file protein-v5.cif (mmCIF, C-alpha atoms)
data_model
loop_
_atom_site.group_PDB
_atom_site.id
_atom_site.type_symbol
_atom_site.label_atom_id
_atom_site.label_comp_id
_atom_site.auth_asym_id
_atom_site.auth_seq_id
_atom_site.Cartn_x
_atom_site.Cartn_y
_atom_site.Cartn_z
ATOM 1 C CA GLY A 80 -183.161 74.120 19.784
ATOM 2 C CA ILE A 81 -186.348 73.045 21.494
ATOM 3 C CA ALA A 82 -189.026 75.656 22.044
ATOM 4 C CA VAL A 83 -191.584 75.475 24.828
ATOM 5 C CA GLY A 84 -194.698 77.625 24.995
ATOM 6 C CA MET A 85 -196.300 78.428 28.326
ATOM 7 C CA ALA A 86 -199.298 80.586 29.107
ATOM 8 C CA THR A 87 -200.653 82.147 32.245
ATOM 9 C CA ASN A 88 -203.960 83.875 32.889
ATOM 10 C CA ILE A 89 -204.173 85.617 36.245
ATOM 11 C CA PRO A 90 -207.350 87.557 37.091
ATOM 12 C CA PRO A 91 -207.111 91.091 38.532
ATOM 13 C CA HIS A 92 -206.943 91.348 42.314
ATOM 14 C CA ASN A 93 -207.321 93.974 45.020
ATOM 15 C CA LEU A 94 -203.856 95.377 45.641
ATOM 16 C CA GLY A 95 -204.378 95.845 49.384
ATOM 17 C CA GLU A 96 -205.457 92.212 49.808
ATOM 18 C CA LEU A 97 -202.427 91.018 47.818
ATOM 19 C CA VAL A 98 -200.053 93.059 49.967
ATOM 20 C CA ASP A 99 -201.661 91.645 53.139
ATOM 21 C CA GLY A 100 -201.199 88.129 51.733
ATOM 22 C CA CYS A 101 -197.553 88.762 50.814
ATOM 23 C CA VAL A 102 -196.795 90.204 54.265
ATOM 24 C CA ALA A 103 -198.435 87.161 55.906
ATOM 25 C CA ILE A 104 -196.394 84.760 53.736
ATOM 26 C CA LEU A 105 -193.150 86.568 54.574
ATOM 27 C CA ALA A 106 -194.022 86.623 58.291
ATOM 28 C CA SER A 107 -194.782 82.888 58.243
ATOM 29 C CA ARG A 108 -191.225 82.173 57.061
ATOM 30 C CA GLU A 109 -189.739 83.519 60.279
ATOM 31 C CA PRO A 110 -188.176 80.718 62.374
ATOM 32 C CA ALA A 111 -190.673 80.928 65.268
ATOM 33 C CA ALA A 112 -193.747 81.567 63.124
ATOM 34 C CA GLU A 113 -196.630 79.228 62.390
ATOM 35 C CA PRO A 114 -196.830 78.033 58.782
ATOM 36 C CA LEU A 115 -199.470 79.776 56.673
ATOM 37 C CA GLY A 116 -202.028 77.413 55.165
ATOM 38 C CA ASP A 117 -204.272 77.842 52.148
ATOM 39 C CA LYS A 118 -207.322 78.595 54.333
ATOM 40 C CA GLU A 119 -205.579 81.400 56.198
ATOM 41 C CA LEU A 120 -204.280 82.893 52.959
ATOM 42 C CA PHE A 121 -207.741 82.616 51.377
ATOM 43 C CA LYS A 122 -209.122 84.711 54.259
ATOM 44 C CA LEU A 123 -206.669 87.478 53.329
ATOM 45 C CA ILE A 124 -207.184 87.146 49.551
ATOM 46 C CA PRO A 125 -210.797 85.930 49.191
ATOM 47 C CA GLY A 126 -210.865 85.999 45.404
ATOM 48 C CA PRO A 127 -210.303 88.018 42.254
ATOM 49 C CA ASP A 128 -211.440 91.638 42.206
ATOM 50 C CA PHE A 129 -212.793 92.407 38.745
ATOM 51 C CA PRO A 130 -212.852 96.103 37.767
ATOM 52 C CA THR A 131 -216.361 95.853 36.299
ATOM 53 C CA GLY A 132 -217.666 94.829 39.710
ATOM 54 C CA SER A 133 -219.800 91.832 38.771
ATOM 55 C CA MET A 134 -220.671 89.216 41.382
ATOM 56 C CA ILE A 135 -218.561 86.080 41.766
ATOM 57 C CA MET A 136 -220.840 83.093 42.221
ATOM 58 C CA GLY A 137 -219.567 80.885 45.029
ATOM 59 C CA ARG A 138 -216.222 80.807 46.793
ATOM 60 C CA GLU A 139 -215.395 77.163 46.096
ATOM 61 C CA ASP A 140 -214.218 77.791 42.527
ATOM 62 C CA ALA A 141 -211.934 80.626 43.628
ATOM 63 C CA ALA A 142 -210.512 78.433 46.406
ATOM 64 C CA LYS A 143 -209.814 75.663 43.861
ATOM 65 C CA LEU A 144 -208.167 78.178 41.526
ATOM 66 C CA TYR A 145 -205.859 79.335 44.317
ATOM 67 C CA SER A 146 -205.018 75.898 45.724
ATOM 68 C CA THR A 147 -204.429 74.057 42.416
ATOM 69 C CA GLY A 148 -203.277 76.915 40.191
ATOM 70 C CA HIS A 149 -205.923 76.344 37.547
ATOM 71 C CA GLY A 150 -209.692 76.589 37.431
ATOM 72 C CA GLY A 151 -212.274 79.274 36.935
ATOM 73 C CA VAL A 152 -214.728 81.575 38.636
ATOM 74 C CA THR A 153 -218.265 82.254 37.472
ATOM 75 C CA MET A 154 -219.256 85.924 37.228
ATOM 76 C CA ARG A 155 -222.760 87.282 36.978
ATOM 77 C CA ALA A 156 -224.084 90.728 36.097
ATOM 78 C CA THR A 157 -225.439 92.709 39.043
ATOM 79 C CA CYS A 158 -229.146 93.278 38.403
ATOM 80 C CA HIS A 159 -232.221 94.302 40.299
ATOM 81 C CA VAL A 160 -235.926 94.507 39.476
ATOM 82 C CA GLU A 161 -237.714 97.855 39.349
ATOM 83 C CA ASP A 162 -241.429 98.433 39.027
ATOM 84 C CA ALA A 163 -242.119 100.859 36.195
ATOM 85 C CA ALA A 164 -243.758 103.977 37.606
ATOM 86 C CA GLY A 165 -247.138 104.741 36.095
ATOM 87 C CA ARG A 166 -247.094 101.721 33.797
ATOM 88 C CA GLY A 167 -249.401 99.369 35.662
ATOM 89 C CA THR A 168 -247.961 95.946 36.362
ATOM 90 C CA ARG A 169 -244.865 96.173 34.174
ATOM 91 C CA SER A 170 -241.439 95.623 35.645
ATOM 92 C CA SER A 171 -237.896 96.193 34.456
ATOM 93 C CA ILE A 172 -234.645 94.392 35.095
ATOM 94 C CA VAL A 173 -231.852 96.934 35.574
ATOM 95 C CA CYS A 174 -228.211 95.836 35.258
ATOM 96 C CA THR A 175 -225.579 98.091 36.792
ATOM 97 C CA GLU A 176 -222.477 95.874 36.560
ATOM 98 C CA LEU A 177 -221.374 93.448 33.837
ATOM 99 C CA PRO A 178 -218.969 90.502 34.017
ATOM 100 C CA TYR A 179 -215.291 91.175 33.326
ATOM 101 C CA GLN A 180 -214.398 91.560 29.624
ATOM 102 C CA VAL A 181 -218.036 91.643 28.413
ATOM 103 C CA ASN A 182 -218.650 94.317 25.788
ATOM 104 C CA LYS A 183 -221.875 96.158 26.605
ATOM 105 C CA ALA A 184 -222.715 97.047 22.987
ATOM 106 C CA SER A 185 -222.295 93.503 21.693
ATOM 107 C CA LEU A 186 -224.266 92.144 24.669
ATOM 108 C CA LEU A 187 -227.185 94.456 23.902
ATOM 109 C CA GLU A 188 -226.995 93.619 20.203
ATOM 110 C CA LYS A 189 -227.047 89.882 20.929
ATOM 111 C CA MET A 190 -229.949 90.278 23.370
ATOM 112 C CA ALA A 191 -231.968 92.267 20.822
ATOM 113 C CA GLU A 192 -231.295 89.628 18.184
ATOM 114 C CA MET A 193 -232.439 86.860 20.547
ATOM 115 C CA VAL A 194 -235.625 88.767 21.430
ATOM 116 C CA ASN A 195 -236.416 89.350 17.725
ATOM 117 C CA ASP A 196 -235.788 85.656 16.955
ATOM 118 C CA LYS A 197 -238.102 84.691 19.865
ATOM 119 C CA ARG A 198 -235.280 82.889 21.676
ATOM 120 C CA LEU A 199 -235.763 85.151 24.736
ATOM 121 C CA ASP A 200 -239.312 85.548 26.000
ATOM 122 C CA GLY A 201 -240.875 88.176 28.220
ATOM 123 C CA ILE A 202 -238.867 91.192 27.029
ATOM 124 C CA SER A 203 -240.624 94.165 25.444
ATOM 125 C CA ASP A 204 -237.765 96.696 25.210
ATOM 126 C CA LEU A 205 -234.013 97.085 25.770
ATOM 127 C CA ARG A 206 -232.378 100.417 26.622
ATOM 128 C CA ASP A 207 -228.884 101.540 27.400
ATOM 129 C CA GLU A 208 -229.158 104.391 29.911
ATOM 130 C CA SER A 209 -225.456 104.362 30.790
ATOM 131 C CA ASP A 210 -223.689 107.652 31.380
ATOM 132 C CA ARG A 211 -220.426 108.789 32.929
ATOM 133 C CA ASP A 212 -221.748 107.808 36.362
ATOM 134 C CA GLY A 213 -221.919 104.117 35.413
ATOM 135 C CA ILE A 214 -223.600 101.358 33.502
ATOM 136 C CA ARG A 215 -227.376 101.114 33.440
ATOM 137 C CA ILE A 216 -228.993 98.617 31.089
ATOM 138 C CA VAL A 217 -232.800 98.577 31.340
ATOM 139 C CA ILE A 218 -234.655 95.481 30.174
ATOM 140 C CA GLU A 219 -238.384 96.201 30.126
ATOM 141 C CA LEU A 220 -240.594 93.188 30.604
ATOM 142 C CA LYS A 221 -243.947 92.304 29.133
ATOM 143 C CA ARG A 222 -246.956 92.484 31.440
ATOM 144 C CA ASP A 223 -247.234 88.726 31.972
ATOM 145 C CA ALA A 224 -243.483 88.078 32.369
ATOM 146 C CA VAL A 225 -242.053 86.826 35.651
ATOM 147 C CA PRO A 226 -238.880 88.866 36.359
ATOM 148 C CA ALA A 227 -236.976 86.007 38.030
ATOM 149 C CA VAL A 228 -237.624 83.655 35.093
ATOM 150 C CA VAL A 229 -236.540 86.249 32.510
ATOM 151 C CA GLN A 230 -233.449 87.090 34.545
ATOM 152 C CA ASN A 231 -232.442 83.419 34.816
ATOM 153 C CA ASN A 232 -232.918 83.001 31.048
ATOM 154 C CA LEU A 233 -230.691 86.044 30.463
ATOM 155 C CA PHE A 234 -227.988 84.537 32.690
ATOM 156 C CA LYS A 235 -228.289 81.195 30.921
ATOM 157 C CA ARG A 236 -228.365 82.399 27.295
ATOM 158 C CA THR A 237 -226.306 85.596 27.231
ATOM 159 C CA GLN A 238 -222.969 86.896 28.497
ATOM 160 C CA MET A 239 -224.663 88.266 31.606
ATOM 161 C CA GLN A 240 -223.123 85.188 33.228
ATOM 162 C CA THR A 241 -219.659 84.107 32.136
ATOM 163 C CA SER A 242 -216.660 82.396 33.633
ATOM 164 C CA PHE A 243 -213.047 83.461 33.893
ATOM 165 C CA SER A 244 -210.580 80.608 33.508
ATOM 166 C CA GLY A 245 -207.380 81.171 35.414
ATOM 167 C CA ASN A 246 -204.011 79.519 35.047
ATOM 168 C CA PHE A 247 -201.328 80.422 37.586
ATOM 169 C CA LEU A 248 -198.025 79.327 36.115
ATOM 170 C CA ALA A 249 -194.683 80.046 37.740
ATOM 171 C CA LEU A 250 -191.258 78.834 36.687
ATOM 172 C CA MET A 251 -189.031 77.864 39.573
ATOM 173 C CA GLY A 252 -185.615 76.385 39.860
ATOM 174 C CA GLY A 253 -182.123 77.205 38.849
ATOM 175 C CA GLY A 254 -182.353 77.662 35.304
#
call {"tool": "encode", "arguments": {"input": "protein-v5.cif", "output": "structure tokens"}}
result
Amino acid sequence: GIAVGMATNIPPHNLGELVDGCVAILASREPAAEPLGDKELFKLIPGPDFPTGSMIMGREDAAKLYSTGHGGVTMRATCHVEDAAGRGTRSSIVCTELPYQVNKASLLEKMAEMVNDKRLDGISDLRDESDRDGIRIVIELKRDAVPAVVQNNLFKRTQMQTSFSGNFLALMGGG
């Protein structure tokens, strides 16, 4: 016989949004109902809902994923800058959410290796202050470091920014 392999990769979604979308699709199939377009459905299901809570960069990629069935969304760690109390002009970048499927321990290990090899500048210390209340990665900066520049380098060179490639495959027909 002939074998065919097919793969699908569907990102996690918010269940309530999916139910709203399904109800809208079913309602649009009523004889007197208006057809439901991609834009209306995208308002009900605006994009994937990753359990790690990272930010999705831009809505265009998610819209392409939904309309064509394949594509990807770019995810970025949620970070903010804190001024270190009592330490003069030093600042810290604090990350509280990581992209989906990024291992925190391997991320920290890779970052430490890049700092030691001088491939990441402006970082003086890395700490994992995570507890049962959530993730908290503290990246202490050197005195002369610009937080925005260091943060952009982290997004560019580490898994603090990744993409999720989706492939929505459905078999239809009588067979």
call {"tool": "axis_aligned_box", "arguments": {"input": "protein-v5.cif", "around": "stretch 186-202 of chain A", "padding_each_side": "5 Å", "output": "lines of an AutoDock Vina configuration file"}}
result
center_x = -232.6
center_y = 88.7
center_z = 22.6
size_x = 26.6
size_y = 21.6
size_z = 21.3
call {"tool": "residues_around", "arguments": {"input": "protein-v5.cif", "residues": "A:His149", "least_positions_apart": "2", "cutoff": "8 Å", "atoms": "only C-alpha atoms", "output": "ChimeraX atom specification"}}
result
/A:143-145,147,151,244-247
call {"tool": "closest_residue", "arguments": {"input": "protein-v5.cif", "among": "A:Arg198, A:Arg169, A:Arg211, A:Arg206", "to": "A:Pro226", "atoms": "all atoms listed in the file"}}
result
A:Arg169
call {"tool": "closest_residue", "arguments": {"input": "protein-v5.cif", "among": "A:Ala111, A:Met154, A:Leu177, A:Ala249", "to": "A:Gly213", "atoms": "all atoms listed in the file"}}
result
A:Leu177
call {"tool": "residues_around", "arguments": {"input": "protein-v5.cif", "residues": "stretch 98-106 of chain A", "least_positions_apart": "6", "cutoff": "12 Å", "atoms": "only C-alpha atoms", "output": "list in words"}}
result
His92, Ala112, Glu113, Pro114, Leu115, Gly116, Asp117, Lys118, Glu119, Leu120, Phe121, Lys122, Leu123, Ile124, Pro125 and Gly126 of chain A
call {"tool": "write_last_selection", "arguments": {"input": "protein-v5.cif", "atoms": "C-alpha atoms", "output": "mmCIF file, in the coordinates of the input"}}
result
data_model
loop_
_atom_site.group_PDB
_atom_site.id
_atom_site.type_symbol
_atom_site.label_atom_id
_atom_site.label_comp_id
_atom_site.auth_asym_id
_atom_site.auth_seq_id
_atom_site.Cartn_x
_atom_site.Cartn_y
_atom_site.Cartn_z
ATOM 1 C CA HIS A 92 -206.943 91.348 42.314
ATOM 2 C CA ALA A 112 -193.747 81.567 63.124
ATOM 3 C CA GLU A 113 -196.630 79.228 62.390
ATOM 4 C CA PRO A 114 -196.830 78.033 58.782
ATOM 5 C CA LEU A 115 -199.470 79.776 56.673
ATOM 6 C CA GLY A 116 -202.028 77.413 55.165
ATOM 7 C CA ASP A 117 -204.272 77.842 52.148
ATOM 8 C CA LYS A 118 -207.322 78.595 54.333
ATOM 9 C CA GLU A 119 -205.579 81.400 56.198
ATOM 10 C CA LEU A 120 -204.280 82.893 52.959
ATOM 11 C CA PHE A 121 -207.741 82.616 51.377
ATOM 12 C CA LYS A 122 -209.122 84.711 54.259
ATOM 13 C CA LEU A 123 -206.669 87.478 53.329
ATOM 14 C CA ILE A 124 -207.184 87.146 49.551
ATOM 15 C CA PRO A 125 -210.797 85.930 49.191
ATOM 16 C CA GLY A 126 -210.865 85.999 45.404
#
call {"tool": "residues_around", "arguments": {"input": "protein-v5.cif", "residues": "A:Ala227", "least_positions_apart": "2", "cutoff": "12 Å", "atoms": "all atoms listed in the file", "output": "ChimeraX atom specification"}}
result
/A:158-161,170-172,201,220,224-225,229-234
call {"tool": "closest_residue", "arguments": {"input": "protein-v5.cif", "among": "A:Thr131, A:Glu176, A:Arg236, A:Thr168", "to": "A:Met193", "atoms": "only C-alpha atoms"}}
result
A:Arg236
call {"tool": "decode", "arguments": {"input": "protein-v5.cif", "residues": "stretch 135-148 of chain A", "atoms": "all heavy atoms", "output": "mmCIF file, in the first residue's frame"}}
result
data_model
loop_
_atom_site.group_PDB
_atom_site.id
_atom_site.type_symbol
_atom_site.label_atom_id
_atom_site.label_comp_id
_atom_site.auth_asym_id
_atom_site.auth_seq_id
_atom_site.Cartn_x
_atom_site.Cartn_y
_atom_site.Cartn_z
ATOM 1 N N ILE A 135 2.618 38.259 22.195
ATOM 2 C CA ILE A 135 2.644 37.965 20.763
ATOM 3 C C ILE A 135 2.911 39.284 20.059
ATOM 4 O O ILE A 135 2.213 40.270 20.278
ATOM 5 C CB ILE A 135 1.317 37.336 20.293
ATOM 6 C CG1 ILE A 135 1.141 35.967 20.937
ATOM 7 C CG2 ILE A 135 1.282 37.237 18.776
ATOM 8 C CD1 ILE A 135 -0.166 35.292 20.607
ATOM 9 N N MET A 136 3.934 39.296 19.216
ATOM 10 C CA MET A 136 4.339 40.512 18.536
ATOM 11 C C MET A 136 3.580 40.650 17.220
ATOM 12 O O MET A 136 3.842 39.921 16.275
ATOM 13 C CB MET A 136 5.856 40.497 18.276
ATOM 14 C CG MET A 136 6.699 40.264 19.521
ATOM 15 S SD MET A 136 6.367 41.435 20.843
ATOM 16 C CE MET A 136 6.942 42.931 20.092
ATOM 17 N N GLY A 137 2.648 41.568 17.171
ATOM 18 C CA GLY A 137 1.894 41.836 15.956
ATOM 19 C C GLY A 137 0.741 40.871 15.756
ATOM 20 O O GLY A 137 0.808 39.713 16.134
ATOM 21 N N ARG A 138 -0.313 41.366 15.130
ATOM 22 C CA ARG A 138 -1.490 40.546 14.865
ATOM 23 C C ARG A 138 -1.507 40.019 13.437
ATOM 24 O O ARG A 138 -2.258 39.116 13.123
ATOM 25 C CB ARG A 138 -2.753 41.374 15.123
ATOM 26 C CG ARG A 138 -2.920 41.767 16.584
ATOM 27 C CD ARG A 138 -4.107 42.697 16.782
ATOM 28 N NE ARG A 138 -5.326 42.206 16.179
ATOM 29 C CZ ARG A 138 -6.323 41.641 16.845
ATOM 30 N NH1 ARG A 138 -6.242 41.509 18.136
ATOM 31 N NH2 ARG A 138 -7.403 41.228 16.225
ATOM 32 N N GLU A 139 -0.671 40.575 12.573
ATOM 33 C CA GLU A 139 -0.700 40.193 11.164
ATOM 34 C C GLU A 139 -0.316 38.732 10.970
ATOM 35 O O GLU A 139 -0.912 38.031 10.147
ATOM 36 C CB GLU A 139 0.250 41.082 10.343
ATOM 37 C CG GLU A 139 -0.096 42.552 10.358
ATOM 38 C CD GLU A 139 0.427 43.273 11.585
ATOM 39 O OE1 GLU A 139 1.438 42.822 12.194
ATOM 40 O OE2 GLU A 139 -0.181 44.283 11.968
ATOM 41 N N ASP A 140 0.703 38.273 11.703
ATOM 42 C CA ASP A 140 1.145 36.883 11.558
ATOM 43 C C ASP A 140 0.073 35.901 12.019
ATOM 44 O O ASP A 140 -0.127 34.859 11.400
ATOM 45 C CB ASP A 140 2.439 36.648 12.338
ATOM 46 C CG ASP A 140 3.623 37.404 11.749
ATOM 47 O OD1 ASP A 140 3.573 37.751 10.550
ATOM 48 O OD2 ASP A 140 4.598 37.637 12.479
ATOM 49 N N ALA A 141 -0.622 36.244 13.103
ATOM 50 C CA ALA A 141 -1.699 35.375 13.582
ATOM 51 C C ALA A 141 -2.853 35.358 12.574
ATOM 52 O O ALA A 141 -3.438 34.308 12.320
ATOM 53 C CB ALA A 141 -2.190 35.832 14.952
ATOM 54 N N ALA A 142 -3.147 36.511 11.984
ATOM 55 C CA ALA A 142 -4.217 36.567 10.977
ATOM 56 C C ALA A 142 -3.848 35.721 9.762
ATOM 57 O O ALA A 142 -4.702 35.023 9.204
ATOM 58 C CB ALA A 142 -4.475 38.016 10.563
ATOM 59 N N LYS A 143 -2.586 35.754 9.349
ATOM 60 C CA LYS A 143 -2.131 34.935 8.215
ATOM 61 C C LYS A 143 -2.224 33.445 8.563
ATOM 62 O O LYS A 143 -2.644 32.637 7.742
ATOM 63 C CB LYS A 143 -0.701 35.295 7.842
ATOM 64 C CG LYS A 143 -0.177 34.489 6.680
ATOM 65 C CD LYS A 143 1.275 34.821 6.377
ATOM 66 C CE LYS A 143 1.762 33.895 5.285
ATOM 67 N NZ LYS A 143 2.976 33.233 5.586
ATOM 68 N N LEU A 144 -1.828 33.108 9.794
ATOM 69 C CA LEU A 144 -1.911 31.717 10.239
ATOM 70 C C LEU A 144 -3.353 31.214 10.156
ATOM 71 O O LEU A 144 -3.618 30.116 9.683
ATOM 72 C CB LEU A 144 -1.371 31.582 11.663
ATOM 73 C CG LEU A 144 -1.496 30.233 12.350
ATOM 74 C CD1 LEU A 144 -0.701 29.168 11.614
ATOM 75 C CD2 LEU A 144 -1.028 30.331 13.801
ATOM 76 N N TYR A 145 -4.295 32.025 10.595
ATOM 77 C CA TYR A 145 -5.696 31.618 10.588
ATOM 78 C C TYR A 145 -6.283 31.584 9.177
ATOM 79 O O TYR A 145 -7.079 30.717 8.858
ATOM 80 C CB TYR A 145 -6.537 32.543 11.454
ATOM 81 C CG TYR A 145 -6.318 32.363 12.944
ATOM 82 C CD1 TYR A 145 -6.597 33.376 13.827
ATOM 83 C CD2 TYR A 145 -5.835 31.173 13.458
ATOM 84 C CE1 TYR A 145 -6.409 33.216 15.184
ATOM 85 C CE2 TYR A 145 -5.633 31.001 14.817
ATOM 86 C CZ TYR A 145 -5.922 32.032 15.671
ATOM 87 O OH TYR A 145 -5.733 31.872 17.006
ATOM 88 N N SER A 146 -5.924 32.523 8.332
ATOM 89 C CA SER A 146 -6.552 32.585 7.006
ATOM 90 C C SER A 146 -5.956 31.585 6.023
ATOM 91 O O SER A 146 -6.666 31.074 5.161
ATOM 92 C CB SER A 146 -6.476 34.003 6.440
ATOM 93 O OG SER A 146 -5.132 34.391 6.277
ATOM 94 N N THR A 147 -4.645 31.279 6.137
ATOM 95 C CA THR A 147 -4.018 30.355 5.193
ATOM 96 C C THR A 147 -3.842 28.952 5.751
ATOM 97 O O THR A 147 -3.672 28.007 4.999
ATOM 98 C CB THR A 147 -2.639 30.865 4.756
ATOM 99 O OG1 THR A 147 -1.757 30.887 5.876
ATOM 100 C CG2 THR A 147 -2.737 32.244 4.131
ATOM 101 N N GLY A 148 -3.833 28.818 7.067
ATOM 102 C CA GLY A 148 -3.648 27.506 7.682
ATOM 103 C C GLY A 148 -2.207 27.194 8.023
ATOM 104 O O GLY A 148 -1.926 26.180 8.646
#
